[in-house]
Amino acid sequence: MSEIAEVKINGQTYELPIITGSEDEKGIDITKLRSLSGAVTLDSGYKNTGSTKSAVTYLDGENGILRYRGYSIEELAEKASFIEVAYLLINGELPTKSQLSEFEANITKHTLIHEDMKRFYEAYPSKAHPMGIVASLLCSLSTFYPDSQNPNRTEEEIELTIYRLLAKLPTISAWAYKNFVGHPVVYPKNNLNYEENFLNMMFSLPAEKYKIDPVVADALNKLLILHADHEQNCSASTVRIVGSSHANLYSSISAGVIALWGPLHGGANQAVIEMLETIYEDGTPLENWIAKAKDKNDPFRLMGFGHRVYKNFDPRAKIIKKAADDVLEKLGIQDPLIEIAKELEQVALNDEYFKARNLYPNVDFYSGIIYKALGIPTEMFTVMFALGRLPGWIAQWKEMIENKEPIGRPRQIYVGANERSYVPLDER
Ligand code: ACO
């Protein structure tokens, strides 16, 4: 028996179907509410609105559970490779050995970017934020591959765009970093794996061969996996909504990068390190910073704390905190910021304000400490997030297209002026 919700508006009752997910979560299907009753629902920031039925990622914020296609984030972070996880997210199943090598070979084929694109970098100021460059260049890919602009692409054409995106984002990102530090670009090396090739393009110098440290490559693999998808967050929803107008995939992903850049979303990883550095240099007790974060008249927020859906703990933060300890130990680095972060976490977790609002460290709280230990500059942190998130965005976009979802177009409640007559300029 299908379940029904009843909505009563001014004495009139309307029956609406209840949709049940595979983990028994419930959603009231309000698609017909307006045509039945004339009313829409209002939910600023979509705090209680399901925008789609999705089979990609399961997230239970109350219990701190995150699974990609049914596999727990803990198990994937420990046992899988990022490229395997990318295949899983995009295709729905873990690859066999031959599927994985074919997938890798198809990506590796496309790691170069068109030489004309190199000239874009020359036009940017040398301290241009890498996120601005990455978003622009991703969008520009659509002009180099005009077939991608055709909304009626074949499956093969879509697949080719996906390979190109996965292959070229590391190159575009590493070159944005080279622009930032004013060094010559390093071309991709196709005998290296995904993470190694990226690290080589970042850190290799003409005067000095870069030796890939397996500790660094492993940590990067884990970080990319932990960031690979997170269901209908701000950037994934952006990718889906832009794609729903049948804008091409390159541009939809570029829009996702822009959404991610904001400090309330992926840009928080840069903001966290900047905050920890300020706290370290300032030297005042942590309680002062907590008081600032609680003061509603002060714009300061504890960056890396709080989450729209996690109201218990963010499982990714737990894994990253441990990974940060491991990486610092293995690389023999002593970073005072990790001690500050741990102390800050303890102070916040024992504070009534944070407890009452269920504010816990999120994925961005400790990730910056690892990126810093790997030698990645602060301005590149959100680019690292984007590299990890790319397969998730692709999977979300693909699902939206395959399910033939309609164009995303929310309603509103108009609260502006009622109709009035135009007043000529000299009469105002
Ligand atoms: N510091 C201090 N207070 C906070 C914080 C914080 N980091 N986060 C939330 N609060 C408070 C709010 O002021 C609000 O208090 P109130 O009920 O007294 O008004 C309450 O907690 C609820 O917060 P909202 O902003 O309403 O929650 P929302 O779900 O809209 O926002 C968000 C979630 C944006 C992540 C928020 O917690 C925040 O700004 N955190 C800091 C930025 C950050 O770390 N972002 C990364 C998130 S993870 C990611 O996107 C990859």
# chains A, B, ... in the order shown; residues from 1 in each chain; ligands from 1
$ closest_atom_pairs --of "region 204-231 of chain A" --to "region 376-382 of chain A" --cutoff "12 Å" --atoms "only C-alpha atoms" --output "tab-separated table"
residue	atom	partner	partner_atom	distance
A:Val216	CA	A:Ile376	CA	10.9
A:Leu220	CA	A:Ile376	CA	10.8
A:Leu223	CA	A:Phe381	CA	11.2
A:Leu224	CA	A:Thr382	CA	11.8
A:His227	CA	A:Thr382	CA	10.8
$ write_last_selection --atoms "N, CA, C and O atoms" --output "compact mmCIF listing (two decimals), in the first residue's frame"
# COMPACT_ATOMS: atom_id res chain seq x y z
N VAL A 216 52.97 10.88 -0.05
CA VAL A 216 52.23 12.03 -0.58
C VAL A 216 51.16 11.55 -1.58
O VAL A 216 49.99 11.97 -1.52
N LEU A 220 47.10 11.90 -1.17
CA LEU A 220 46.32 12.59 -2.18
C LEU A 220 45.17 11.69 -2.67
O LEU A 220 44.03 12.13 -2.82
N LEU A 223 42.45 11.76 -0.08
CA LEU A 223 41.73 13.04 -0.07
C LEU A 223 40.78 13.15 -1.26
O LEU A 223 39.65 13.61 -1.12
N LEU A 224 41.25 12.71 -2.43
CA LEU A 224 40.40 12.79 -3.62
C LEU A 224 39.16 11.92 -3.44
O LEU A 224 38.04 12.33 -3.76
N HIS A 227 36.52 13.42 -1.17
CA HIS A 227 35.81 14.57 -1.72
C HIS A 227 34.97 14.22 -2.94
O HIS A 227 34.32 15.10 -3.51
$ residues_near_ligand --ligand "ligand 1" --cutoff "7 Å" --atoms "only C-alpha atoms and all ligand atoms" --output "list in words"
Pro263, Leu264, His265, Gly266, Ala268, Ala293, Lys294, Arg301, Leu302, Met303, Gly304, Phe305, Gly306, His307, Arg308, Val309, Arg357, Leu359, Asn362, Val363 and Asp364 of chain A
$ select_by_dssp --residues "region 191-309 of chain A" --states "alpha helix (DSSP H)" --output "JSON, numbers by chain"
{"A": [194, 195, 196, 197, 198, 199, 200, 201, 202, 203, 214, 215, 216, 217, 218, 219, 220, 221, 222, 223, 224, 225, 226, 234, 235, 236, 237, 238, 239, 240, 241, 242, 243, 249, 250, 251, 252, 253, 254, 255, 256, 257, 258, 259, 260, 261, 268, 269, 270, 271, 272, 273, 274, 275, 276, 277, 278, 279, 280, 281, 282, 286, 287, 288, 289, 290, 291, 292, 293, 294]}
$ closest_residue --among "A:Leu390, A:Ile338, A:Ala324, A:Leu76" --to "Ala219 (chain A)" --atoms "only C-alpha atoms"
A:Ala324
$ closest_residue --among "A:Ser2, A:Thr238, A:Asn233, A:Asn221" --to "Ile258 (chain A)" --atoms "only C-alpha atoms"
A:Thr238
$ atom_distance --atom1 "CA of Leu141 (chain A)" --atom2 "CA of Ala176 (chain A)"
15.0 Å
$ residues_around --residues "Glu74 (chain A)" --least-positions-apart "6" --cutoff "9 Å" --atoms "only C-alpha atoms" --output "ChimeraX atom specification"
/A:66-67,226,315-316,319
$ closest_residue --among "A:Leu169, A:Leu192, A:Ile320, A:Ala341" --to "Ile225 (chain A)" --atoms "only C-alpha atoms"
A:Ile320
$ closest_residue --among "A:His114, A:Lys8, A:Arg409, A:Arg389" --to "Val257 (chain A)" --atoms "only C-alpha atoms"
A:Arg389
$ closest_atom_pairs --of "region 83-178 of chain A" --to "region 53-63 of chain A" --cutoff "12 Å" --atoms "only C-alpha atoms" --output "Markdown table"
| residue | atom | partner | partner_atom | distance |
| --- | --- | --- | --- | --- |
| A:Val85 | CA | A:Val56 | CA | 11.7 |
| A:Ala86 | CA | A:Val56 | CA | 11.5 |
| A:Tyr87 | CA | A:Val56 | CA | 11.8 |
| A:Leu88 | CA | A:Val56 | CA | 9.2 |
| A:Leu89 | CA | A:Val56 | CA | 6.4 |
| A:Ile90 | CA | A:Val56 | CA | 8.4 |
| A:Asn91 | CA | A:Val56 | CA | 9.5 |
| A:Gly92 | CA | A:Val56 | CA | 7.3 |
| A:Glu93 | CA | A:Val56 | CA | 10.3 |
$ closest_residue --among "A:Lys330, A:Lys209, A:Arg164, A:Lys355" --to "Tyr250 (chain A)" --atoms "only C-alpha atoms"
A:Arg164
$ atom_distance --atom1 "CA of Gly267 (chain A)" --atom2 "CA of Ser126 (chain A)"
20.4 Å
$ residues_around --residues "Lys168 (chain A)" --least-positions-apart "6" --cutoff "7 Å" --atoms "only C-alpha atoms" --output "ChimeraX atom specification"
/A:110-113
$ write_last_selection --atoms "N, CA, C and O atoms" --output "tab-separated table (two decimals), in the first residue's frame"
chain	number	residue	atom	x	y	z
A	110	HIS	N	43.89	11.59	-23.06
A	110	HIS	CA	43.43	12.97	-23.24
A	110	HIS	C	44.05	13.97	-22.27
A	110	HIS	O	43.51	15.06	-22.08
A	111	THR	N	45.18	13.62	-21.66
A	111	THR	CA	45.72	14.49	-20.60
A	111	THR	C	46.27	15.83	-21.12
A	111	THR	O	46.35	16.79	-20.35
A	112	LEU	N	46.66	15.87	-22.37
A	112	LEU	CA	47.17	17.15	-22.91
A	112	LEU	C	46.01	18.13	-23.10
A	112	LEU	O	44.90	17.72	-23.36
A	113	ILE	N	46.32	19.44	-22.97
A	113	ILE	CA	45.31	20.41	-23.39
A	113	ILE	C	45.85	21.11	-24.64
A	113	ILE	O	47.06	21.14	-24.88
$ atom_distance --atom1 "CA of Lys26 (chain A)" --atom2 "CA of Ile413 (chain A)"
25.5 Å
$ closest_residue --among "A:Ala207, A:Leu100, A:Ile83, A:Ile290" --to "Asn193 (chain A)" --atoms "only C-alpha atoms"
A:Ile83
$ residues_around --residues "Ile133 (chain A)" --least-positions-apart "6" --cutoff "9 Å" --atoms "only C-alpha atoms" --output "JSON list (two decimals) with all heavy atoms, in the first residue's frame"
[["chain", "number", "residue", "atom", "x", "y", "z"],
["A", 120, "PHE", "N", 46.02, 31.33, -22.75],
["A", 120, "PHE", "CA", 45.11, 31.91, -21.75],
["A", 120, "PHE", "C", 45.88, 32.24, -20.46],
["A", 120, "PHE", "O", 45.66, 33.27, -19.85],
["A", 120, "PHE", "CB", 43.97, 30.95, -21.37],
["A", 120, "PHE", "CG", 43.00, 30.64, -22.48],
["A", 120, "PHE", "CD1", 42.27, 29.46, -22.47],
["A", 120, "PHE", "CD2", 42.78, 31.53, -23.50],
["A", 120, "PHE", "CE1", 41.37, 29.17, -23.47],
["A", 120, "PHE", "CE2", 41.87, 31.25, -24.52],
["A", 120, "PHE", "CZ", 41.17, 30.07, -24.50],
["A", 121, "TYR", "N", 46.75, 31.30, -20.08],
["A", 121, "TYR", "CA", 47.49, 31.49, -18.82],
["A", 121, "TYR", "C", 48.32, 32.77, -18.86],
["A", 121, "TYR", "O", 48.46, 33.47, -17.87],
["A", 121, "TYR", "CB", 48.39, 30.29, -18.53],
["A", 121, "TYR", "CG", 47.63, 29.03, -18.16],
["A", 121, "TYR", "CD1", 47.21, 28.13, -19.13],
["A", 121, "TYR", "CD2", 47.32, 28.75, -16.84],
["A", 121, "TYR", "CE1", 46.51, 26.98, -18.80],
["A", 121, "TYR", "CE2", 46.61, 27.60, -16.49],
["A", 121, "TYR", "CZ", 46.21, 26.72, -17.47],
["A", 121, "TYR", "OH", 45.53, 25.59, -17.14],
["A", 124, "TYR", "N", 46.51, 35.93, -17.77],
["A", 124, "TYR", "CA", 46.10, 36.13, -16.37],
["A", 124, "TYR", "C", 47.20, 36.83, -15.58],
["A", 124, "TYR", "O", 48.39, 36.59, -15.84],
["A", 124, "TYR", "CB", 45.80, 34.78, -15.70],
["A", 124, "TYR", "CG", 44.45, 34.23, -16.08],
["A", 124, "TYR", "CD1", 44.34, 33.18, -16.99],
["A", 124, "TYR", "CD2", 43.28, 34.76, -15.55],
["A", 124, "TYR", "CE1", 43.09, 32.67, -17.36],
["A", 124, "TYR", "CE2", 42.05, 34.26, -15.90],
["A", 124, "TYR", "CZ", 41.96, 33.21, -16.80],
["A", 124, "TYR", "OH", 40.74, 32.72, -17.16],
["A", 172, "ILE", "N", 44.96, 21.31, -16.28],
["A", 172, "ILE", "CA", 44.51, 22.71, -16.14],
["A", 172, "ILE", "C", 44.84, 23.23, -14.74],
["A", 172, "ILE", "O", 45.32, 24.36, -14.57],
["A", 172, "ILE", "CB", 42.98, 22.79, -16.41],
["A", 172, "ILE", "CG1", 42.70, 22.58, -17.91],
["A", 172, "ILE", "CG2", 42.39, 24.10, -15.93],
["A", 172, "ILE", "CD1", 41.23, 22.51, -18.27],
["A", 173, "SER", "N", 44.61, 22.39, -13.72],
["A", 173, "SER", "CA", 44.81, 22.81, -12.33],
["A", 173, "SER", "C", 46.29, 23.02, -12.02],
["A", 173, "SER", "O", 46.67, 24.03, -11.44],
["A", 173, "SER", "CB", 44.25, 21.75, -11.37],
["A", 173, "SER", "OG", 42.91, 21.52, -11.66],
["A", 176, "ALA", "N", 47.50, 26.10, -13.54],
["A", 176, "ALA", "CA", 47.04, 27.31, -12.83],
["A", 176, "ALA", "C", 47.97, 27.57, -11.65],
["A", 176, "ALA", "O", 48.28, 28.73, -11.33],
["A", 176, "ALA", "CB", 45.61, 27.12, -12.36]]
$ residues_around --residues "Thr52 (chain A)" --least-positions-apart "2" --cutoff "10 Å" --atoms "only C-alpha atoms" --output "JSON, numbers by chain"
{"A": [49, 50, 54, 55, 232, 237, 240, 399, 400, 403, 405]}
$ write_last_selection --atoms "N, CA, C and O atoms" --output "mmCIF file, in the first residue's frame"
data_model
loop_
_atom_site.group_PDB
_atom_site.id
_atom_site.type_symbol
_atom_site.label_atom_id
_atom_site.label_comp_id
_atom_site.auth_asym_id
_atom_site.auth_seq_id
_atom_site.Cartn_x
_atom_site.Cartn_y
_atom_site.Cartn_z
ATOM 1 N N THR A 49 14.021 20.320 1.209
ATOM 2 C CA THR A 49 13.476 19.969 -0.103
ATOM 3 C C THR A 49 14.367 18.969 -0.822
ATOM 4 O O THR A 49 15.557 19.225 -0.983
ATOM 5 N N GLY A 50 13.798 17.870 -1.226
ATOM 6 C CA GLY A 50 14.520 16.921 -2.079
ATOM 7 C C GLY A 50 14.347 17.383 -3.509
ATOM 8 O O GLY A 50 13.228 17.553 -3.974
ATOM 9 N N SER A 54 17.885 10.149 -6.356
ATOM 10 C CA SER A 54 19.238 9.859 -6.839
ATOM 11 C C SER A 54 19.743 8.528 -6.312
ATOM 12 O O SER A 54 19.459 8.151 -5.175
ATOM 13 N N ALA A 55 20.500 7.832 -7.162
ATOM 14 C CA ALA A 55 21.067 6.528 -6.760
ATOM 15 C C ALA A 55 22.581 6.617 -6.596
ATOM 16 O O ALA A 55 23.263 5.600 -6.528
ATOM 17 N N GLN A 232 23.325 16.094 -2.958
ATOM 18 C CA GLN A 232 22.804 17.330 -3.584
ATOM 19 C C GLN A 232 23.298 18.602 -2.873
ATOM 20 O O GLN A 232 22.515 19.435 -2.427
ATOM 21 N N SER A 237 24.230 20.578 -6.999
ATOM 22 C CA SER A 237 22.915 21.084 -7.419
ATOM 23 C C SER A 237 23.089 22.118 -8.531
ATOM 24 O O SER A 237 22.275 22.189 -9.448
ATOM 25 N N ARG A 240 23.708 20.260 -11.727
ATOM 26 C CA ARG A 240 22.473 19.650 -12.227
ATOM 27 C C ARG A 240 21.552 20.724 -12.808
ATOM 28 O O ARG A 240 20.950 20.525 -13.863
ATOM 29 N N GLU A 399 23.190 11.318 -14.305
ATOM 30 C CA GLU A 399 21.930 10.783 -13.782
ATOM 31 C C GLU A 399 20.774 11.703 -14.173
ATOM 32 O O GLU A 399 19.714 11.247 -14.594
ATOM 33 N N MET A 400 21.009 13.020 -14.042
ATOM 34 C CA MET A 400 19.961 13.992 -14.362
ATOM 35 C C MET A 400 19.570 13.902 -15.851
ATOM 36 O O MET A 400 18.391 13.907 -16.189
ATOM 37 N N ASN A 403 17.844 10.429 -16.624
ATOM 38 C CA ASN A 403 16.463 10.378 -16.108
ATOM 39 C C ASN A 403 15.561 11.407 -16.784
ATOM 40 O O ASN A 403 14.407 11.561 -16.389
ATOM 41 N N GLU A 405 15.404 14.592 -16.595
ATOM 42 C CA GLU A 405 14.786 15.511 -15.634
ATOM 43 C C GLU A 405 14.458 16.836 -16.307
ATOM 44 O O GLU A 405 15.182 17.294 -17.193
#
